[in-house]
>>> print(open('upload.txt').read())   # compact mmCIF, C-alpha atoms
# COMPACT_ATOMS: atom_id res chain seq x y z
CA MET A 1 -111.09 -91.39 -11.91
CA THR A 2 -110.29 -94.43 -14.02
CA ALA A 3 -112.79 -96.53 -15.91
CA ALA A 4 -113.51 -100.00 -14.52
CA SER A 5 -112.12 -102.94 -16.44
CA PRO A 6 -114.72 -105.10 -18.26
CA ASN A 7 -115.48 -108.20 -16.27
CA THR A 8 -118.44 -109.76 -17.99
CA SER A 9 -118.87 -111.23 -21.43
CA ALA A 10 -121.33 -108.46 -22.30
CA ASP A 11 -118.81 -105.80 -21.33
CA ILE A 12 -116.11 -107.45 -23.40
CA ALA A 13 -118.47 -107.77 -26.38
CA GLU A 14 -119.35 -104.05 -26.16
CA LEU A 15 -115.67 -103.14 -25.95
CA LEU A 16 -114.85 -105.27 -29.00
CA ALA A 17 -117.77 -103.72 -30.88
CA PHE A 18 -116.43 -100.26 -30.00
CA TYR A 19 -112.97 -101.20 -31.25
CA ALA A 20 -114.44 -102.58 -34.47
CA SER A 21 -116.45 -99.38 -35.10
CA ALA A 22 -113.25 -97.36 -34.49
CA GLY A 23 -111.42 -99.34 -37.16
CA VAL A 24 -109.38 -101.63 -34.91
CA ASP A 25 -109.63 -104.95 -36.73
CA GLU A 26 -106.42 -106.81 -35.82
CA ALA A 27 -103.99 -107.16 -32.95
CA LEU A 28 -100.37 -106.12 -33.27
CA GLU A 29 -99.01 -108.61 -30.71
CA GLU A 30 -99.91 -112.16 -29.80
CA ALA A 31 -99.90 -111.24 -26.09
CA PRO A 32 -100.94 -107.97 -24.41
CA VAL A 33 -98.12 -105.55 -23.66
CA ASN A 34 -98.02 -103.42 -20.53
CA ARG A 35 -96.59 -100.11 -21.82
CA PHE A 36 -96.25 -98.77 -18.26
CA ALA A 37 -94.06 -101.57 -16.99
CA GLU A 38 -90.39 -100.83 -16.51
CA ALA A 39 -88.26 -102.03 -19.38
CA ALA A 40 -86.05 -104.97 -18.54
CA PRO A 41 -82.39 -104.04 -18.34
CA LYS A 42 -80.38 -104.87 -21.41
CA PRO A 43 -77.86 -107.67 -20.99
CA ALA A 44 -74.32 -106.47 -20.40
CA ALA A 45 -72.05 -106.57 -23.37
CA ARG A 46 -69.85 -109.59 -23.49
CA PRO A 47 -66.21 -108.80 -22.78
CA PRO A 48 -63.90 -109.22 -25.74
CA ALA A 49 -62.20 -112.56 -25.99
CA PRO A 50 -58.58 -112.53 -24.85
CA ALA A 51 -56.12 -112.22 -27.65
CA SER A 52 -54.42 -115.47 -28.46
CA ALA A 53 -50.71 -115.76 -28.85
CA PRO A 54 -49.52 -114.95 -32.34
CA ARG A 55 -49.15 -118.00 -34.51
CA GLN A 56 -45.77 -118.58 -36.00
CA SER A 57 -46.07 -118.07 -39.75
CA SER A 58 -44.85 -120.77 -41.99
CA PRO A 59 -42.70 -120.17 -45.08
CA GLN A 60 -45.81 -120.83 -47.22
CA ASP A 61 -47.74 -118.08 -45.35
CA ARG A 62 -44.93 -115.58 -45.85
CA LEU A 63 -44.80 -116.37 -49.56
CA ALA A 64 -48.57 -115.87 -49.95
CA SER A 65 -48.39 -112.54 -48.07
CA GLU A 66 -45.61 -111.27 -50.34
CA GLN A 67 -47.67 -112.13 -53.41
CA ARG A 68 -50.66 -110.18 -52.04
CA LEU A 69 -48.53 -107.11 -51.27
CA THR A 70 -46.83 -107.07 -54.70
CA PRO A 71 -49.66 -106.95 -57.28
CA GLU A 72 -47.21 -105.93 -59.98
CA ARG A 73 -46.00 -109.53 -60.07
CA PRO A 74 -48.72 -111.26 -62.15
CA ALA A 75 -49.33 -114.93 -61.66
CA ALA A 76 -48.58 -117.41 -64.38
CA GLY A 77 -51.16 -117.30 -67.17
CA PHE A 78 -52.38 -113.77 -66.19
CA ASP A 79 -53.57 -111.66 -69.19
CA ALA A 80 -53.58 -107.94 -68.27
CA SER A 81 -55.37 -106.98 -71.49
CA ARG A 82 -58.53 -108.67 -70.24
CA VAL A 83 -58.83 -106.48 -67.13
CA PRO A 84 -61.70 -103.97 -67.69
CA ASP A 85 -61.01 -100.26 -67.54
CA ALA A 86 -61.93 -98.30 -64.40
CA PRO A 87 -65.53 -97.01 -64.39
CA ALA A 88 -65.98 -93.51 -65.82
CA ARG A 89 -67.54 -92.31 -62.55
CA LEU A 90 -64.22 -92.86 -60.80
CA MET A 91 -62.28 -90.79 -63.33
CA PRO A 92 -61.75 -87.11 -62.49
CA ALA A 93 -63.87 -84.84 -64.69
CA THR A 94 -63.40 -81.18 -65.54
CA ALA A 95 -66.50 -79.07 -64.85
CA ALA A 96 -67.66 -76.98 -67.79
CA VAL A 97 -69.50 -73.65 -67.55
CA PRO A 98 -72.90 -74.10 -69.24
CA ASP A 99 -73.50 -71.95 -72.33
CA GLU A 100 -70.07 -70.29 -72.17
CA ALA A 101 -69.43 -71.13 -75.83
CA GLN A 102 -72.75 -69.55 -76.84
CA ALA A 103 -72.05 -66.46 -74.73
CA ALA A 104 -68.67 -66.10 -76.47
CA LEU A 105 -70.37 -66.44 -79.86
CA ALA A 106 -72.92 -63.78 -78.88
CA ARG A 107 -70.10 -61.40 -77.93
CA GLN A 108 -68.36 -62.04 -81.24
CA LEU A 109 -71.52 -61.49 -83.31
CA ALA A 110 -72.49 -58.37 -81.39
CA SER A 111 -69.09 -56.74 -81.72
CA SER A 112 -68.96 -57.47 -85.46
CA ALA A 113 -72.25 -55.65 -86.17
CA ALA A 114 -71.54 -52.23 -87.67
CA THR A 115 -75.19 -51.16 -87.92
CA LEU A 116 -78.48 -51.90 -86.20
CA ASP A 117 -79.65 -53.83 -89.27
CA GLU A 118 -76.59 -56.08 -89.08
CA LEU A 119 -77.15 -56.58 -85.38
CA ARG A 120 -80.75 -57.57 -85.97
CA GLN A 121 -79.68 -60.07 -88.64
CA HIS A 122 -77.09 -61.60 -86.32
CA MET A 123 -79.66 -61.93 -83.55
CA ALA A 124 -82.23 -63.49 -85.88
CA ALA A 125 -79.67 -66.10 -86.99
CA PHE A 126 -78.34 -66.77 -83.49
CA ASP A 127 -79.47 -70.13 -82.05
CA GLY A 128 -77.47 -70.05 -78.82
CA CYS A 129 -80.33 -68.94 -76.54
CA ASN A 130 -83.00 -71.52 -75.74
CA LEU A 131 -85.67 -68.81 -75.48
CA LYS A 132 -85.61 -68.39 -79.25
CA PHE A 133 -87.14 -71.84 -79.76
CA THR A 134 -90.23 -71.15 -77.64
CA ALA A 135 -90.85 -67.57 -78.80
CA LYS A 136 -92.83 -66.63 -81.88
CA ASN A 137 -90.85 -63.55 -82.87
CA LEU A 138 -87.62 -61.72 -82.26
CA VAL A 139 -88.53 -58.50 -80.43
CA PHE A 140 -85.72 -56.22 -81.52
CA ALA A 141 -86.79 -52.59 -80.97
CA ASP A 142 -89.33 -49.88 -81.69
CA GLY A 143 -89.16 -46.12 -82.13
CA ASN A 144 -86.57 -43.80 -83.60
CA PRO A 145 -82.91 -44.96 -83.46
CA GLU A 146 -81.83 -41.33 -83.96
CA ALA A 147 -83.63 -40.20 -80.79
CA ASP A 148 -81.81 -38.73 -77.80
CA LEU A 149 -83.68 -41.02 -75.38
CA MET A 150 -83.44 -44.82 -75.22
CA LEU A 151 -85.54 -46.95 -72.86
CA VAL A 152 -84.64 -50.58 -72.04
CA GLY A 153 -86.94 -53.08 -70.33
CA GLU A 154 -86.35 -56.70 -69.35
CA ALA A 155 -88.11 -59.10 -71.75
CA PRO A 156 -91.14 -59.26 -74.07
CA GLY A 157 -94.53 -60.44 -72.89
CA ARG A 158 -97.29 -62.23 -74.77
CA ASP A 159 -98.48 -59.23 -76.79
CA GLU A 160 -94.93 -58.20 -77.65
CA ASP A 161 -94.09 -61.74 -78.75
CA LEU A 162 -97.09 -61.82 -81.08
CA GLU A 163 -96.38 -58.44 -82.69
CA GLY A 164 -92.58 -58.52 -82.58
CA LEU A 165 -92.42 -55.07 -80.93
CA PRO A 166 -91.56 -54.07 -77.36
CA PHE A 167 -94.12 -52.55 -74.99
CA VAL A 168 -97.33 -52.93 -76.97
CA GLY A 169 -99.55 -54.47 -74.26
CA ARG A 170 -101.04 -52.81 -71.19
CA SER A 171 -97.63 -51.81 -69.86
CA GLY A 172 -96.79 -50.40 -73.29
CA ARG A 173 -99.87 -48.19 -73.30
CA LEU A 174 -98.91 -46.90 -69.86
CA LEU A 175 -95.38 -46.21 -71.11
CA ASP A 176 -96.83 -44.20 -74.00
CA ARG A 177 -98.73 -42.04 -71.51
CA MET A 178 -95.60 -41.61 -69.40
CA LEU A 179 -93.67 -40.42 -72.46
CA ALA A 180 -96.52 -38.10 -73.47
CA ALA A 181 -96.41 -36.54 -70.00
CA ILE A 182 -92.92 -35.20 -70.75
CA GLY A 183 -93.71 -34.28 -74.36
CA LEU A 184 -92.33 -37.38 -76.10
CA ASP A 185 -93.68 -40.33 -78.06
CA ARG A 186 -92.32 -43.35 -79.93
CA ASN A 187 -91.06 -41.17 -82.72
CA SER A 188 -88.85 -39.28 -80.28
CA ALA A 189 -87.60 -42.28 -78.28
CA TYR A 190 -86.06 -45.69 -78.95
CA ILE A 191 -87.30 -48.74 -77.00
CA ALA A 192 -85.71 -52.18 -76.56
CA ASN A 193 -85.32 -55.02 -74.04
CA VAL A 194 -82.38 -56.82 -72.46
CA ILE A 195 -83.88 -60.15 -73.60
CA PRO A 196 -85.24 -60.11 -77.19
CA TRP A 197 -87.25 -63.35 -76.91
CA ARG A 198 -90.23 -63.99 -74.65
CA PRO A 199 -89.56 -66.46 -71.81
CA PRO A 200 -92.21 -69.23 -71.67
CA GLY A 201 -95.11 -68.24 -69.47
CA ASN A 202 -93.53 -64.81 -68.88
CA ARG A 203 -91.17 -66.40 -66.35
CA THR A 204 -88.07 -64.55 -65.16
CA PRO A 205 -85.09 -65.09 -67.48
CA THR A 206 -82.32 -67.17 -65.96
CA PRO A 207 -78.87 -65.66 -65.30
CA HIS A 208 -77.43 -67.74 -68.17
CA GLU A 209 -80.07 -66.44 -70.59
CA THR A 210 -79.39 -62.88 -69.48
CA GLU A 211 -75.62 -63.26 -69.90
CA ILE A 212 -76.03 -64.74 -73.37
CA CYS A 213 -78.23 -61.82 -74.48
CA ARG A 214 -76.26 -59.10 -72.70
CA PRO A 215 -73.76 -58.49 -75.57
CA PHE A 216 -76.61 -57.81 -77.99
CA ILE A 217 -78.32 -55.11 -75.90
CA GLU A 218 -75.00 -53.52 -74.98
CA ARG A 219 -74.04 -53.29 -78.65
CA GLN A 220 -77.53 -51.99 -79.47
CA ILE A 221 -77.08 -49.16 -76.95
CA GLU A 222 -73.64 -48.43 -78.36
CA LEU A 223 -74.92 -48.19 -81.94
CA VAL A 224 -77.89 -45.97 -80.99
CA ASN A 225 -75.65 -43.84 -78.75
CA PRO A 226 -78.48 -42.00 -76.96
CA LYS A 227 -77.90 -38.96 -74.82
CA VAL A 228 -79.98 -40.44 -71.97
CA LEU A 229 -80.73 -44.06 -71.08
CA VAL A 230 -83.76 -45.09 -68.99
CA ASN A 231 -83.70 -48.51 -67.33
CA LEU A 232 -87.26 -49.73 -66.93
CA GLY A 233 -87.30 -52.04 -63.92
CA GLY A 234 -84.76 -53.76 -61.71
CA PRO A 235 -83.49 -56.45 -64.13
CA SER A 236 -82.60 -53.86 -66.77
CA ALA A 237 -80.85 -51.65 -64.23
CA LYS A 238 -78.91 -54.51 -62.64
CA THR A 239 -77.78 -55.89 -66.00
CA LEU A 240 -76.74 -52.64 -67.66
CA LEU A 241 -75.48 -50.75 -64.60
CA ASN A 242 -73.64 -53.69 -63.02
CA THR A 243 -75.30 -53.37 -59.63
CA SER A 244 -77.13 -55.63 -57.22
CA GLU A 245 -79.27 -52.94 -55.56
CA GLY A 246 -83.04 -53.12 -55.71
CA ILE A 247 -84.97 -50.83 -58.03
CA LEU A 248 -86.66 -48.91 -55.20
CA ARG A 249 -83.22 -47.95 -53.93
CA LEU A 250 -81.83 -47.30 -57.41
CA ARG A 251 -84.66 -45.28 -58.90
CA GLY A 252 -84.47 -41.52 -59.00
CA ASN A 253 -80.66 -41.48 -58.88
CA TRP A 254 -78.55 -40.84 -61.93
CA ARG A 255 -76.11 -43.60 -62.83
CA VAL A 256 -73.77 -44.12 -65.78
CA HIS A 257 -73.77 -46.83 -68.44
CA THR A 258 -70.36 -47.13 -70.10
CA THR A 259 -70.22 -48.67 -73.58
CA ALA A 260 -67.47 -50.96 -74.83
CA SER A 261 -65.93 -48.02 -76.66
CA GLY A 262 -65.76 -46.05 -73.41
CA ILE A 263 -68.68 -43.66 -73.97
CA ALA A 264 -70.44 -42.73 -70.70
CA ILE A 265 -74.23 -42.37 -71.01
CA PRO A 266 -76.33 -40.90 -68.16
CA ALA A 267 -78.80 -43.55 -67.01
CA MET A 268 -81.95 -43.16 -64.93
CA PRO A 269 -83.32 -46.34 -63.30
CA THR A 270 -87.07 -46.19 -62.80
CA LEU A 271 -90.03 -48.44 -62.12
CA HIS A 272 -91.29 -50.77 -64.83
CA PRO A 273 -94.76 -49.93 -66.22
CA ALA A 274 -95.94 -53.47 -65.40
CA TYR A 275 -95.00 -52.87 -61.76
CA LEU A 276 -96.89 -49.57 -61.79
CA LEU A 277 -100.01 -51.35 -63.05
CA ARG A 278 -99.80 -53.62 -59.98
CA THR A 279 -98.83 -50.79 -57.61
CA PRO A 280 -100.53 -47.58 -58.81
CA ALA A 281 -99.49 -45.69 -55.67
CA HIS A 282 -95.90 -45.67 -56.94
CA LYS A 283 -96.76 -43.87 -60.17
CA LYS A 284 -95.82 -40.64 -58.43
CA LEU A 285 -92.26 -41.99 -58.06
CA ALA A 286 -92.00 -42.79 -61.76
CA TRP A 287 -93.42 -39.33 -62.54
CA ARG A 288 -90.56 -37.74 -60.58
CA ASP A 289 -88.04 -39.88 -62.44
CA PHE A 290 -89.43 -38.87 -65.82
CA LEU A 291 -89.31 -35.22 -64.84
CA GLU A 292 -85.60 -35.74 -64.10
CA VAL A 293 -85.20 -37.29 -67.55
CA LYS A 294 -86.97 -34.36 -69.19
CA ALA A 295 -84.70 -31.89 -67.36
CA LYS A 296 -81.57 -33.84 -68.32
CA LEU A 297 -82.57 -33.94 -71.99
CA GLY A 298 -83.22 -30.18 -71.88
CA SER A 299 -79.83 -29.43 -70.31
CA LEU A 300 -77.97 -31.63 -72.83
CA ALA A 301 -79.79 -30.00 -75.74
CA THR A 302 -78.70 -26.52 -74.71
CA SER A 303 -75.12 -27.44 -73.79
>>> encode(input="upload.txt", output="structure tokens")
Amino acid sequence: MTAASPNTSADIAELLAFYASAGVDEALEEAPVNRFAEAAPKPAARPPAPASAPRQSSPQDRLASEQRLTPERPAAGFDASRVPDAPARLMPATAAVPDEAQAALARQLASSAATLDELRQHMAAFDGCNLKFTAKNLVFADGNPEADLMLVGEAPGRDEDLEGLPFVGRSGRLLDRMLAAIGLDRNSAYIANVIPWRPPGNRTPTPHETEICRPFIERQIELVNPKVLVNLGGPSAKTLLNTSEGILRLRGNWRVHTTASGIAIPAMPTLHPAYLLRTPAHKKLAWRDFLEVKAKLGSLATS
């Protein structure tokens, strides 16, 4: 059923009032358009004009054409020195790898450090990582550098940045309990991070930031020379074990970290304490990993 068309002035007035209340306040066309009418066929394209017979070129035309095709022949009074250089955007440019110079400097400083104190001084003086300028403190390490066990996380958080020590917040207190469960504490372990400066807002470090800081943590591990290395979380495991696997696949399986001098250190990837605070059901997995660490330390001590 279709509605009847308005025929009276009253009907038209009511219809206009309805349109006005609905927000229709102006017409889009001068005349009404029937949207259901068939569109008129488009006019056929005009055929191309027949080609005219080629005009015989005059000697003057041939001379002008030769001058256009031979730009190396300057006209009289032409001053080549006044022609502007080509825009820089048209010149080929060589792409540079960002931060490569700073990464090379980090490798040089790290390899030149003969002791942990020297390494810490080099890192404190190093300005090649942008994270240093937003962090409050360099978070170098905590614990006993003579210990058989070394644990490496990813990066400091707010509490660590304020105190200048790794794992001192909620995740740090959980890590202390995890160590106590296998009979260890901070006096019998050495703790550090891949990134020694806190990223703003606890964001994930970029690959460039990680690569710049990688030589420092690798040299730190080499100088401590622990018997067992524990990678706390996926970023630490991926960086130091050169793998792309996820932490849930990596954890619980012994890997090897090889230092620059060729020393192979048994490494156990496990779940980060911050992850365990968000996912308490996986604490049982970390407990199994730490039992493996305890057994490995016991077997190395008796061998």
>>> residues_around(input="upload.txt", residues="His257 in chain A", least_positions_apart="5", cutoff="12 Å", atoms="all atoms listed in the file", output="list in words")
Met150, Glu218, Ile221, Glu222, Asn225, Pro226, Lys227, Val228, Leu229, Val230, Asn231, Ser236, Ala237, Lys238, Thr239, Leu240, Leu241, Asn242, Thr243, Gly262, Ile263, Ala264, Ile265, Pro266, Ala267, Met268 and Pro269 of chain A
>>> atom_distance(input="upload.txt", atom1="CA of Ala106 in chain A", atom2="CA of Ser244 in chain A")
23.5 Å
>>> residues_around(input="upload.txt", residues="Gly157 in chain A", least_positions_apart="3", cutoff="8 Å", atoms="all atoms listed in the file", output="MDAnalysis selection string")
chainID A and resid 160:161 169 198:199 202
>>> atom_distance(input="upload.txt", atom1="CA of Glu154 in chain A", atom2="CA of Val194 in chain A")
5.0 Å
>>> residues_around(input="upload.txt", residues="Arg288 in chain A", least_positions_apart="5", cutoff="10 Å", atoms="all atoms listed in the file", output="ChimeraX atom specification")
/A:251-252,270,283,293-294
>>> write_last_selection(input="upload.txt", atoms="C-alpha atoms", output="compact mmCIF listing (two decimals), in the coordinates of the input")
# COMPACT_ATOMS: atom_id res chain seq x y z
CA ARG A 251 -84.66 -45.28 -58.90
CA GLY A 252 -84.47 -41.52 -59.00
CA THR A 270 -87.07 -46.19 -62.80
CA LYS A 283 -96.76 -43.87 -60.17
CA VAL A 293 -85.20 -37.29 -67.55
CA LYS A 294 -86.97 -34.36 -69.19
>>> atom_distance(input="upload.txt", atom1="CA of Gly153 in chain A", atom2="CA of Glu245 in chain A")
16.6 Å
>>> closest_residue(input="upload.txt", among="A:Ala301, A:Leu276, A:Leu248, A:Leu285", to="Ser171 in chain A", atoms="all atoms listed in the file")
A:Leu276
>>> closest_residue(input="upload.txt", among="A:Leu109, A:Ile195, A:Leu300, A:Gly164", to="Arg214 in chain A", atoms="only C-alpha atoms")
A:Ile195
>>> residues_around(input="upload.txt", residues="Leu105 in chain A", least_positions_apart="6", cutoff="10 Å", atoms="all atoms listed in the file", output="list of chain:residue names")
A:Asp99, A:Ser111, A:Phe126, A:Gly128, A:Ile212, A:Pro215
>>> closest_residue(input="upload.txt", among="A:Phe133, A:Phe167, A:Tyr190, A:Trp254", to="Phe290 in chain A", atoms="all atoms listed in the file")
A:Trp254
>>> build_atoms(input="upload.txt", residues="range 254-282 of chain A", atoms="N, CA and C atoms", output="compact mmCIF listing (two decimals), in the frame of the given file")
# COMPACT_ATOMS: atom_id res chain seq x y z
N TRP A 254 -79.26 -40.72 -60.67
CA TRP A 254 -78.55 -40.84 -61.93
C TRP A 254 -77.36 -41.78 -61.79
N ARG A 255 -77.25 -42.68 -62.74
CA ARG A 255 -76.11 -43.60 -62.83
C ARG A 255 -75.47 -43.41 -64.21
N VAL A 256 -74.48 -44.22 -64.49
CA VAL A 256 -73.77 -44.12 -65.78
C VAL A 256 -73.65 -45.51 -66.39
N HIS A 257 -74.03 -45.62 -67.65
CA HIS A 257 -73.77 -46.83 -68.44
C HIS A 257 -72.60 -46.53 -69.37
N THR A 258 -71.56 -47.33 -69.27
CA THR A 258 -70.36 -47.13 -70.10
C THR A 258 -70.33 -48.18 -71.19
N THR A 259 -70.24 -47.75 -72.44
CA THR A 259 -70.22 -48.67 -73.58
C THR A 259 -68.84 -49.30 -73.72
N ALA A 260 -68.74 -50.29 -74.60
CA ALA A 260 -67.47 -50.96 -74.83
C ALA A 260 -66.42 -50.02 -75.39
N SER A 261 -66.87 -49.00 -76.10
CA SER A 261 -65.93 -48.02 -76.66
C SER A 261 -65.57 -46.92 -75.68
N GLY A 262 -66.11 -47.01 -74.44
CA GLY A 262 -65.76 -46.05 -73.41
C GLY A 262 -66.65 -44.83 -73.31
N ILE A 263 -67.77 -44.80 -74.02
CA ILE A 263 -68.68 -43.66 -73.97
C ILE A 263 -69.57 -43.79 -72.72
N ALA A 264 -69.63 -42.74 -71.92
CA ALA A 264 -70.44 -42.73 -70.70
C ALA A 264 -71.80 -42.10 -71.01
N ILE A 265 -72.86 -42.83 -70.73
CA ILE A 265 -74.23 -42.37 -71.01
C ILE A 265 -74.96 -42.23 -69.69
N PRO A 266 -75.53 -41.04 -69.39
CA PRO A 266 -76.33 -40.90 -68.16
C PRO A 266 -77.52 -41.85 -68.18
N ALA A 267 -77.73 -42.54 -67.08
CA ALA A 267 -78.80 -43.55 -67.01
C ALA A 267 -79.68 -43.28 -65.80
N MET A 268 -80.99 -43.34 -66.01
CA MET A 268 -81.95 -43.16 -64.93
C MET A 268 -82.72 -44.46 -64.72
N PRO A 269 -82.49 -45.17 -63.62
CA PRO A 269 -83.32 -46.34 -63.30
C PRO A 269 -84.68 -45.89 -62.78
N THR A 270 -85.72 -46.52 -63.26
CA THR A 270 -87.07 -46.19 -62.80
C THR A 270 -87.91 -47.44 -62.75
N LEU A 271 -89.14 -47.31 -62.31
CA LEU A 271 -90.03 -48.44 -62.12
C LEU A 271 -90.62 -48.89 -63.46
N HIS A 272 -90.75 -50.19 -63.60
CA HIS A 272 -91.29 -50.77 -64.83
C HIS A 272 -92.79 -50.49 -64.91
N PRO A 273 -93.31 -50.18 -66.10
CA PRO A 273 -94.76 -49.93 -66.22
C PRO A 273 -95.62 -51.08 -65.71
N ALA A 274 -95.16 -52.33 -65.90
CA ALA A 274 -95.94 -53.47 -65.40
C ALA A 274 -96.03 -53.43 -63.88
N TYR A 275 -94.97 -53.02 -63.22
CA TYR A 275 -95.00 -52.87 -61.76
C TYR A 275 -95.97 -51.76 -61.36
N LEU A 276 -95.99 -50.67 -62.12
CA LEU A 276 -96.89 -49.57 -61.79
C LEU A 276 -98.36 -49.95 -61.97
N LEU A 277 -98.64 -50.87 -62.90
CA LEU A 277 -100.01 -51.35 -63.05
C LEU A 277 -100.44 -52.15 -61.81
N ARG A 278 -99.48 -52.85 -61.19
CA ARG A 278 -99.80 -53.62 -59.98
C ARG A 278 -99.77 -52.76 -58.74
N THR A 279 -98.99 -51.66 -58.78
CA THR A 279 -98.83 -50.79 -57.61
C THR A 279 -99.04 -49.34 -58.04
N PRO A 280 -100.27 -48.93 -58.29
CA PRO A 280 -100.53 -47.58 -58.81
C PRO A 280 -100.03 -46.48 -57.89
N ALA A 281 -99.92 -46.74 -56.59
CA ALA A 281 -99.49 -45.69 -55.67
C ALA A 281 -98.07 -45.22 -55.95
N HIS A 282 -97.28 -46.04 -56.64
CA HIS A 282 -95.90 -45.67 -56.94
C HIS A 282 -95.75 -44.93 -58.27
